[in-house]
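Just query_33.cif here, mmCIF, C-alpha atoms:
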data_my_file
#
loop_
_atom_site.label_atom_id
_atom_site.label_comp_id
_atom_site.auth_asym_id
_atom_site.auth_seq_id
_atom_site.Cartn_x
_atom_site.Cartn_y
_atom_site.Cartn_z
CA MET A 1 -9.98 15.82 3.96
CA HIS A 2 -9.63 18.88 1.76
CA SER A 3 -11.44 19.53 -1.49
CA ASN A 4 -8.50 18.74 -3.79
CA SER A 5 -8.35 15.19 -5.10
CA ILE A 6 -5.52 12.78 -4.30
CA ASP A 7 -3.02 12.52 -7.13
CA ILE A 8 -1.76 9.09 -8.17
CA ARG A 9 1.77 10.54 -8.11
CA GLN A 10 1.33 11.31 -4.42
CA LEU A 11 0.40 7.71 -3.70
CA GLU A 12 3.35 6.43 -5.72
CA ALA A 13 5.68 8.77 -3.85
CA PHE A 14 4.38 7.64 -0.47
CA ALA A 15 4.63 3.94 -1.40
CA ALA A 16 8.18 4.48 -2.66
CA VAL A 17 9.27 6.26 0.54
CA VAL A 18 7.92 3.43 2.70
CA SER A 19 9.58 0.84 0.47
CA ALA A 20 12.95 2.61 0.25
CA GLY A 21 12.97 3.94 3.81
CA SER A 22 14.05 7.41 2.73
CA VAL A 23 13.04 10.24 0.43
CA THR A 24 16.39 9.98 -1.34
CA GLY A 25 15.85 6.30 -2.06
CA ALA A 26 12.28 6.94 -3.19
CA ALA A 27 13.48 9.65 -5.56
CA ARG A 28 15.89 7.16 -7.16
CA LEU A 29 13.13 4.55 -7.49
CA LEU A 30 10.77 7.03 -9.15
CA GLY A 31 13.32 8.89 -11.24
CA ARG A 32 12.29 12.18 -9.64
CA SER A 33 14.14 14.82 -7.65
CA GLN A 34 14.21 14.61 -3.86
CA PRO A 35 12.39 17.96 -3.41
CA ALA A 36 9.66 16.81 -5.82
CA VAL A 37 9.05 13.62 -3.81
CA SER A 38 9.03 15.56 -0.53
CA ARG A 39 6.47 17.99 -1.95
CA LEU A 40 4.22 15.14 -3.15
CA ILE A 41 4.25 13.60 0.35
CA GLN A 42 3.54 16.96 2.00
CA ASP A 43 0.63 17.60 -0.37
CA LEU A 44 -0.76 14.15 0.34
CA GLU A 45 -0.57 14.70 4.10
CA ALA A 46 -2.25 18.08 3.70
CA GLU A 47 -5.01 16.46 1.64
CA LEU A 48 -5.56 13.70 4.19
CA GLY A 49 -5.30 15.95 7.20
CA TYR A 50 -2.87 13.78 9.17
CA ALA A 51 0.82 12.85 9.17
CA LEU A 52 1.91 9.75 7.30
CA LEU A 53 5.59 9.83 8.22
CA HIS A 54 7.70 10.46 11.32
CA ARG A 55 10.69 12.64 10.48
CA SER A 56 13.50 12.80 13.03
CA SER A 57 17.30 13.00 12.80
CA GLY A 58 17.21 12.39 9.08
CA ARG A 59 15.27 9.14 9.48
CA ILE A 60 11.77 8.53 8.18
CA GLN A 61 9.28 5.98 9.50
CA PRO A 62 5.55 5.57 8.80
CA THR A 63 3.20 6.71 11.54
CA ALA A 64 0.56 4.28 12.83
CA ARG A 65 -1.94 5.90 10.48
CA GLY A 66 0.68 5.84 7.74
CA LEU A 67 1.08 2.07 8.06
CA ARG A 68 -2.67 1.53 7.80
CA PHE A 69 -2.92 3.88 4.83
CA HIS A 70 0.05 2.20 3.14
CA ALA A 71 -1.83 -1.11 3.02
CA GLU A 72 -4.67 0.63 1.17
CA VAL A 73 -2.25 2.39 -1.18
CA GLU A 74 -0.54 -0.88 -2.10
CA ARG A 75 -3.87 -2.48 -2.97
CA HIS A 76 -4.91 0.56 -5.03
CA LEU A 77 -1.65 0.73 -6.97
CA ALA A 78 -1.77 -3.02 -7.64
CA SER A 79 -5.32 -2.64 -8.95
CA LEU A 80 -4.24 0.13 -11.31
CA ILE A 81 -1.43 -2.06 -12.64
CA HIS A 82 -3.89 -4.91 -13.20
CA ILE A 83 -6.33 -2.61 -14.99
CA ARG A 84 -3.54 -1.46 -17.32
CA GLU A 85 -2.49 -5.06 -17.99
CA ARG A 86 -6.08 -6.13 -18.64
CA ALA A 87 -6.68 -3.22 -20.99
CA GLU A 88 -3.58 -4.21 -22.97
CA ALA A 89 -4.72 -7.85 -23.06
CA ILE A 90 -8.13 -6.80 -24.40
CA GLY A 91 -6.40 -4.76 -27.11
CA ARG A 92 -4.36 -7.80 -28.14
CA ASP A 93 -7.34 -10.23 -27.88
CA GLU A 94 -5.32 -12.24 -25.36
CA PRO A 95 -6.42 -13.98 -22.13
CA ALA A 96 -6.95 -11.44 -19.35
CA THR A 97 -4.45 -11.00 -16.54
CA LEU A 98 -4.99 -13.64 -13.86
CA THR A 99 -4.49 -13.14 -10.13
CA VAL A 100 -4.64 -16.20 -7.89
CA ALA A 101 -4.45 -15.97 -4.10
CA ALA A 102 -3.53 -19.13 -2.21
CA THR A 103 -2.37 -20.16 1.22
CA PRO A 104 1.37 -20.93 1.32
CA SER A 105 0.95 -24.71 1.37
CA LEU A 106 -1.44 -24.75 -1.59
CA ALA A 107 0.55 -22.08 -3.43
CA ALA A 108 3.52 -24.46 -3.21
CA GLY A 109 1.86 -27.85 -3.47
CA VAL A 110 -1.09 -27.49 -5.86
CA LEU A 111 -1.04 -24.23 -7.78
CA PRO A 112 2.28 -24.59 -9.70
CA GLN A 113 1.31 -27.99 -11.07
CA ALA A 114 -2.18 -26.73 -11.93
CA LEU A 115 -0.82 -23.72 -13.83
CA ALA A 116 1.73 -25.89 -15.64
CA ALA A 117 -1.10 -28.14 -16.87
CA LEU A 118 -2.94 -25.27 -18.59
CA PRO A 119 -2.97 -25.14 -22.39
CA GLY A 120 -0.52 -22.50 -23.58
CA GLU A 121 -3.20 -20.37 -25.21
CA LEU A 122 -4.99 -19.94 -21.87
CA ILE A 123 -1.95 -18.69 -19.94
CA PRO A 124 -2.07 -14.87 -19.83
CA ARG A 125 0.90 -12.64 -20.49
CA HIS A 126 0.65 -11.34 -16.90
CA LEU A 127 0.03 -13.86 -14.13
CA HIS A 128 -0.03 -12.82 -10.47
CA VAL A 129 0.28 -15.34 -7.62
CA GLN A 130 -0.24 -14.14 -4.05
CA SER A 131 0.70 -16.33 -1.09
CA LEU A 132 -1.52 -15.19 1.78
CA ALA A 133 -2.99 -16.34 5.08
CA ALA A 134 -6.31 -18.11 4.60
CA GLU A 135 -8.35 -15.21 5.95
CA ASN A 136 -6.60 -12.85 3.52
CA VAL A 137 -7.24 -15.19 0.60
CA VAL A 138 -10.96 -14.95 1.33
CA GLN A 139 -10.84 -11.16 1.61
CA ALA A 140 -8.85 -10.82 -1.62
CA VAL A 141 -11.45 -12.85 -3.52
CA ILE A 142 -14.38 -10.96 -1.99
CA ALA A 143 -12.71 -7.62 -2.80
CA ARG A 144 -12.03 -8.95 -6.32
CA SER A 145 -8.35 -8.13 -6.06
CA ALA A 146 -7.90 -11.85 -6.81
CA ASP A 147 -9.80 -13.72 -9.52
CA LEU A 148 -9.50 -17.04 -7.74
CA GLY A 149 -8.59 -18.35 -4.29
CA ILE A 150 -7.26 -21.70 -3.11
CA SER A 151 -7.50 -21.97 0.65
CA SER A 152 -7.95 -24.21 3.63
CA LEU A 153 -11.35 -24.23 5.27
CA PRO A 154 -13.44 -22.63 6.73
CA LEU A 155 -14.48 -20.73 3.62
CA GLU A 156 -18.07 -19.91 4.47
CA HIS A 157 -19.05 -16.43 3.30
CA PRO A 158 -22.09 -15.16 1.37
CA GLY A 159 -19.85 -13.37 -1.13
CA LEU A 160 -18.08 -16.56 -2.23
CA GLU A 161 -18.77 -19.28 -4.74
CA ILE A 162 -17.11 -22.54 -3.71
CA HIS A 163 -16.27 -24.64 -6.76
CA TRP A 164 -15.09 -27.76 -4.99
CA ILE A 165 -13.93 -28.94 -1.58
CA ALA A 166 -11.37 -31.66 -1.00
CA GLU A 167 -10.02 -33.52 1.99
CA ALA A 168 -6.54 -35.00 2.35
CA PRO A 169 -5.14 -36.77 5.41
CA CYS A 170 -2.28 -35.05 7.20
CA VAL A 171 1.08 -36.76 7.18
CA VAL A 172 4.12 -36.77 9.40
CA ALA A 173 7.39 -35.36 8.05
CA ILE A 174 10.44 -37.09 9.50
CA GLY A 175 14.18 -36.83 9.03
CA ALA A 176 15.32 -39.60 6.68
CA ASP A 177 17.75 -40.94 9.29
CA ASP A 178 15.14 -41.02 12.07
CA PRO A 179 14.19 -44.58 13.22
CA LEU A 180 10.50 -43.68 12.70
CA ALA A 181 11.23 -43.27 8.99
CA ASN A 182 11.43 -47.06 8.77
CA ASP A 183 7.70 -47.33 9.56
CA ASP A 184 5.15 -47.11 6.77
CA VAL A 185 2.56 -45.90 9.27
CA VAL A 186 3.67 -43.84 12.29
CA ARG A 187 1.73 -44.00 15.54
CA LEU A 188 0.61 -40.68 16.96
CA SER A 189 1.76 -41.86 20.39
CA ASP A 190 5.31 -42.15 19.01
CA VAL A 191 5.00 -38.65 17.54
CA ALA A 192 3.94 -37.25 20.93
CA ALA A 193 7.13 -38.57 22.49
CA ARG A 194 9.18 -36.30 20.23
CA ARG A 195 9.34 -32.55 19.77
CA VAL A 196 6.31 -31.90 17.57
CA ILE A 197 6.31 -29.20 14.90
CA THR A 198 2.86 -28.10 13.77
CA LEU A 199 0.87 -25.15 12.52
CA ALA A 200 -0.17 -22.37 14.86
CA ASN A 201 -3.60 -21.21 13.62
CA PRO A 202 -6.09 -22.59 16.19
CA TYR A 203 -9.08 -22.02 13.89
CA ARG A 204 -7.89 -24.18 11.03
CA LEU A 205 -5.68 -27.27 10.95
CA ARG A 206 -4.23 -26.90 14.45
CA HIS A 207 -7.48 -27.73 16.24
CA ARG A 208 -7.73 -30.99 14.27
CA VAL A 209 -4.19 -31.92 15.30
CA ASP A 210 -4.99 -31.20 18.95
CA GLU A 211 -8.19 -33.27 18.71
CA ALA A 212 -6.25 -36.21 17.27
CA PHE A 213 -3.79 -36.20 20.19
CA GLU A 214 -6.74 -36.05 22.58
CA ARG A 215 -8.43 -39.03 20.89
CA ALA A 216 -5.18 -40.97 21.11
CA GLY A 217 -4.88 -40.14 24.80
CA VAL A 218 -1.45 -38.56 24.45
CA ALA A 219 -0.09 -35.03 24.59
CA PRO A 220 3.26 -33.79 23.25
CA GLU A 221 5.39 -32.10 25.88
CA ARG A 222 7.56 -30.20 23.43
CA ILE A 223 6.02 -28.20 20.58
CA ILE A 224 7.23 -25.77 17.95
CA ASP A 225 4.38 -24.02 16.16
CA VAL A 226 4.88 -22.24 12.86
CA ASN A 227 2.71 -20.31 10.42
CA ALA A 228 3.79 -22.14 7.25
CA SER A 229 4.32 -25.81 6.45
CA LEU A 230 7.53 -25.13 4.53
CA THR A 231 9.01 -23.67 7.72
CA ALA A 232 7.98 -26.85 9.54
CA LEU A 233 9.75 -29.01 6.95
CA SER A 234 12.90 -26.90 7.19
CA LEU A 235 12.90 -27.36 10.97
CA VAL A 236 12.54 -31.12 10.49
CA ARG A 237 15.52 -31.14 8.12
CA ALA A 238 17.53 -29.24 10.74
CA GLY A 239 16.83 -32.04 13.23
CA LEU A 240 14.59 -30.01 15.54
CA GLY A 241 11.67 -32.43 15.60
CA ILE A 242 9.05 -34.16 13.49
CA ALA A 243 6.15 -32.33 11.87
CA ILE A 244 2.47 -32.99 11.35
CA VAL A 245 1.56 -31.19 8.13
CA GLU A 246 -0.89 -31.30 5.26
CA PRO A 247 0.51 -33.30 2.31
CA ALA A 248 0.52 -30.44 -0.22
CA THR A 249 3.78 -28.72 0.74
CA ILE A 250 5.96 -31.81 1.00
CA ARG A 251 4.59 -32.98 -2.35
CA GLY A 252 5.15 -29.64 -4.04
CA VAL A 253 8.49 -28.80 -2.40
CA PRO A 254 10.21 -32.06 -1.45
CA LEU A 255 13.28 -31.55 0.71
CA ASP A 256 16.34 -33.79 0.72
CA GLY A 257 16.63 -35.55 4.04
CA VAL A 258 12.90 -35.33 4.86
CA VAL A 259 10.46 -38.20 4.23
CA MET A 260 6.68 -38.32 4.43
CA ARG A 261 4.84 -41.09 6.29
CA LYS A 262 1.19 -41.87 7.03
CA LEU A 263 -0.26 -41.44 10.51
CA ASP A 264 -2.32 -44.05 12.32
CA GLN A 265 -4.90 -41.35 13.12
CA ASN A 266 -6.93 -39.53 10.49
CA ILE A 267 -6.31 -35.78 10.72
CA PRO A 268 -8.25 -34.28 7.80
CA PHE A 269 -6.98 -31.25 5.92
CA LEU A 270 -9.88 -29.56 4.14
CA PHE A 271 -9.43 -27.04 1.36
CA GLY A 272 -11.21 -25.68 -1.67
CA VAL A 273 -11.27 -23.28 -4.58
CA ILE A 274 -13.30 -20.08 -4.42
CA SER A 275 -14.24 -17.11 -6.57
CA ALA A 276 -16.44 -14.08 -6.04
CA ALA A 277 -20.14 -14.95 -6.15
CA ALA A 278 -21.99 -14.17 -9.40
CA LEU A 279 -18.73 -13.30 -11.18
CA PRO A 280 -18.54 -14.83 -14.69
CA LEU A 281 -15.57 -17.16 -15.07
CA THR A 282 -13.12 -16.69 -17.93
CA PRO A 283 -11.89 -19.81 -19.77
CA THR A 284 -8.55 -19.42 -17.99
CA VAL A 285 -10.12 -19.28 -14.51
CA SER A 286 -12.31 -22.31 -15.30
CA ALA A 287 -9.26 -24.22 -16.51
CA VAL A 288 -7.32 -23.41 -13.32
CA ILE A 289 -10.26 -24.59 -11.18
CA ASP A 290 -10.32 -27.93 -13.02
CA ALA A 291 -6.54 -28.35 -13.07
CA ALA A 292 -6.25 -27.59 -9.34
CA ARG A 293 -8.83 -30.28 -8.64
CA VAL A 294 -6.89 -32.85 -10.68
CA GLN A 295 -3.60 -31.97 -8.98
CA SER A 296 -5.21 -32.07 -5.53
CA LEU A 297 -6.56 -35.57 -6.14
CA ALA A 298 -3.01 -36.68 -6.92
CA MET A 299 -2.12 -36.18 -3.25
CA PRO A 300 -2.12 -39.40 -1.19
CA GLY A 301 -5.60 -40.20 0.13
CA CYS A 302 -7.17 -37.00 -1.22
CA ARG A 303 -10.85 -37.11 -2.13
CA LEU A 304 -13.54 -34.66 -3.14
CA LEU A 305 -16.39 -34.01 -0.74
CA GLU A 306 -20.00 -33.46 -1.78
CA ALA A 307 -20.48 -30.85 -4.47
CA ASN A 308 -22.23 -28.22 -2.36
CA GLY A 309 -19.83 -28.61 0.52
CA THR A 310 -22.46 -27.85 3.16
CA ASP A 311 -21.41 -30.59 5.56
CA ALA A 312 -17.74 -29.81 5.08
CA LEU A 313 -18.34 -26.14 5.82
CA ALA A 314 -20.17 -26.98 9.02
CA ASP A 315 -17.49 -29.46 10.02
CA SER A 316 -14.73 -26.95 9.34
CA VAL A 317 -16.41 -24.41 11.59
CA TYR A 318 -17.29 -26.72 14.44
CA GLY A 319 -14.24 -28.98 14.27
CA GLN A 320 -16.09 -32.25 13.70
CA ALA A 321 -14.53 -35.07 11.74
CA THR A 322 -15.88 -35.30 8.21
CA ILE A 323 -15.43 -39.05 7.99
CA SER A 324 -15.15 -41.69 10.62
CA GLU A 325 -11.84 -43.39 11.29
CA GLY A 326 -11.45 -46.52 9.27
CA THR A 327 -13.60 -45.32 6.37
CA PRO A 328 -12.06 -46.48 3.08
CA ARG A 329 -10.21 -43.66 1.39
#

Please go through the file and, once you have read it, give me the structure as C-alpha cells.
Amino acid sequence: MHSNSIDIRQLEAFAAVVSAGSVTGAARLLGRSQPAVSRLIQDLEAELGYALLHRSSGRIQPTARGLRFHAEVERHLASLIHIRERAEAIGRDEPATLTVAATPSLAAGVLPQALAALPGELIPRHLHVQSLAAENVVQAVIARSADLGISSLPLEHPGLEIHWIAEAPCVVAIGADDPLANDDVVRLSDVAARRVITLANPYRLRHRVDEAFERAGVAPERIIDVNASLTALSLVRAGLGIAIVEPATIRGVPLDGVVMRKLDQNIPFLFGVISAAALPLTPTVSAVIDAARVQSLAMPGCRLLEANGTDALADSVYGQATISEGTPR
C-alpha cells in the first residue's frame, strides 16, 4: 500500500459502483460526474496496490479481492453512519442509535414485539435491525457493530456476555387442510412419512431434529432443507411438505393456511441474548434485553434456563438434551 491515505470518497465510490453495477449508475447515486467516480476508483486501486474491478466490454464486476474488500468497506461506511447518528443523538440528549443483530427467526418472532413494548422515550431516532446467520450475529456483537444480539445457540465466546438463555420446543407447521392438522399432538413417525422441511445448519437446530428422528426409530425419505424458517413455512403453504421449525417465526409471522401443532418428541430450540463483554449497557439496551425475555416466554412451552447458562452452552455444543423427555414444561 502506498503512503497516501485512503479517502472516504474513494470508499463511497467503490461501494456505489458495486451496488449500481456500473460507473454511470454510481455517478447518479453519488451526484458526481462519471469521470470523477472513475478517478476515485483508480486512485483507490493505486493506493491498495491491486485491482478491485474487472473491466471488459463496458461491463464492470468486482474481482475476488474486490468482493472481499467490499465487505470491509460496507462495514466501515455503516460504522461512520452510526457514529454520525450517535453524535447527533448526544447533541440532542436523546437515546443513542441502537443496532440489534438477530437470526431471521428471532428477528421475525421476538424482536418486533420486544421493540414495540419499549417505552417511547427509550426508542432512539435511528434504529438498525440486522437479520443475520447466527455466526454473523456473534461476530457483529464481538466487533461492536451491533449493540445487542439475539441468536440461537451455541453462543460460547470469551468476548460475549450472555444475559439470558431460553429453550422452546420445536413445533410442526402443517397445511390447514392436511389431515394431521386435526391432531393436537403430531407423532414424529407420521412426520417422517411425509416430505419433511427443516433447517440446514448441522451445527445448530438441525442436529437436534436428526437426533429426534433417530430416537423415534424413523427416518424421513424426502427432505427439503432451507436456511430460514420463513422459507420453510412458505413451502408448507405451497403444499410441498410439513416443516419442523422453532416456534418463533410462526408466532411472529403467521401465515394463512398454515397451522402450528405440538410434536410428541421434545426437540429443544435454544437461544439467548448477548452483548459485548464489559460493555456498559444503555437504558435502551437493558430494556430490549428485558422485553425480549418477556416476549420469548410468551412462546408455547418456552422457559428460561439457569442464569449462567453453563449447562446450556455445553449442551448446545455437544448436542445433548437439556431436559429429559416428559419433564414438566

Once the PyMOL selection byres ((chain A and resi 258) around 8) has been applied to the shown file, what residues remain in the selection, as a short mmCIF file (atom, residue, chain, number, x, y, z; two decimals) with C-alpha atoms, in the coordinates of the input?
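Final output, saved to expr.cif:
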data_model
loop_
_atom_site.label_atom_id
_atom_site.label_comp_id
_atom_site.auth_asym_id
_atom_site.auth_seq_id
_atom_site.Cartn_x
_atom_site.Cartn_y
_atom_site.Cartn_z
CA ALA A 173 7.39 -35.36 8.05
CA ILE A 174 10.44 -37.09 9.50
CA GLY A 175 14.18 -36.83 9.03
CA ALA A 176 15.32 -39.60 6.68
CA LEU A 233 9.75 -29.01 6.95
CA VAL A 236 12.54 -31.12 10.49
CA ARG A 237 15.52 -31.14 8.12
CA PRO A 254 10.21 -32.06 -1.45
CA LEU A 255 13.28 -31.55 0.71
CA ASP A 256 16.34 -33.79 0.72
CA GLY A 257 16.63 -35.55 4.04
CA VAL A 259 10.46 -38.20 4.23
CA MET A 260 6.68 -38.32 4.43
#

(request) For the file shown, report as an MDAnalysis selection string the outcome of the PyMOL selection byres ((chain A and resi 134) around 8) at residue level. (result) chainID A and resid 102:103 132:133 135:138 151:153

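For the choices A:Pro280, A:Gly217, A:Pro154, A:Gly31, the atom-to-atom distance to Arg204 in chain A is smallest for A:Pro154 when using only C-alpha atoms.
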
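Here CA of Phe269 in chain A stands at a distance of 6.1 Å from CA of Glu246 in chain A.
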
(message) Please report the interatomic distance between CA of Glu12 in chain A and CA of Leu30 in chain A in Å with one decimal.
(response) 8.2 Å
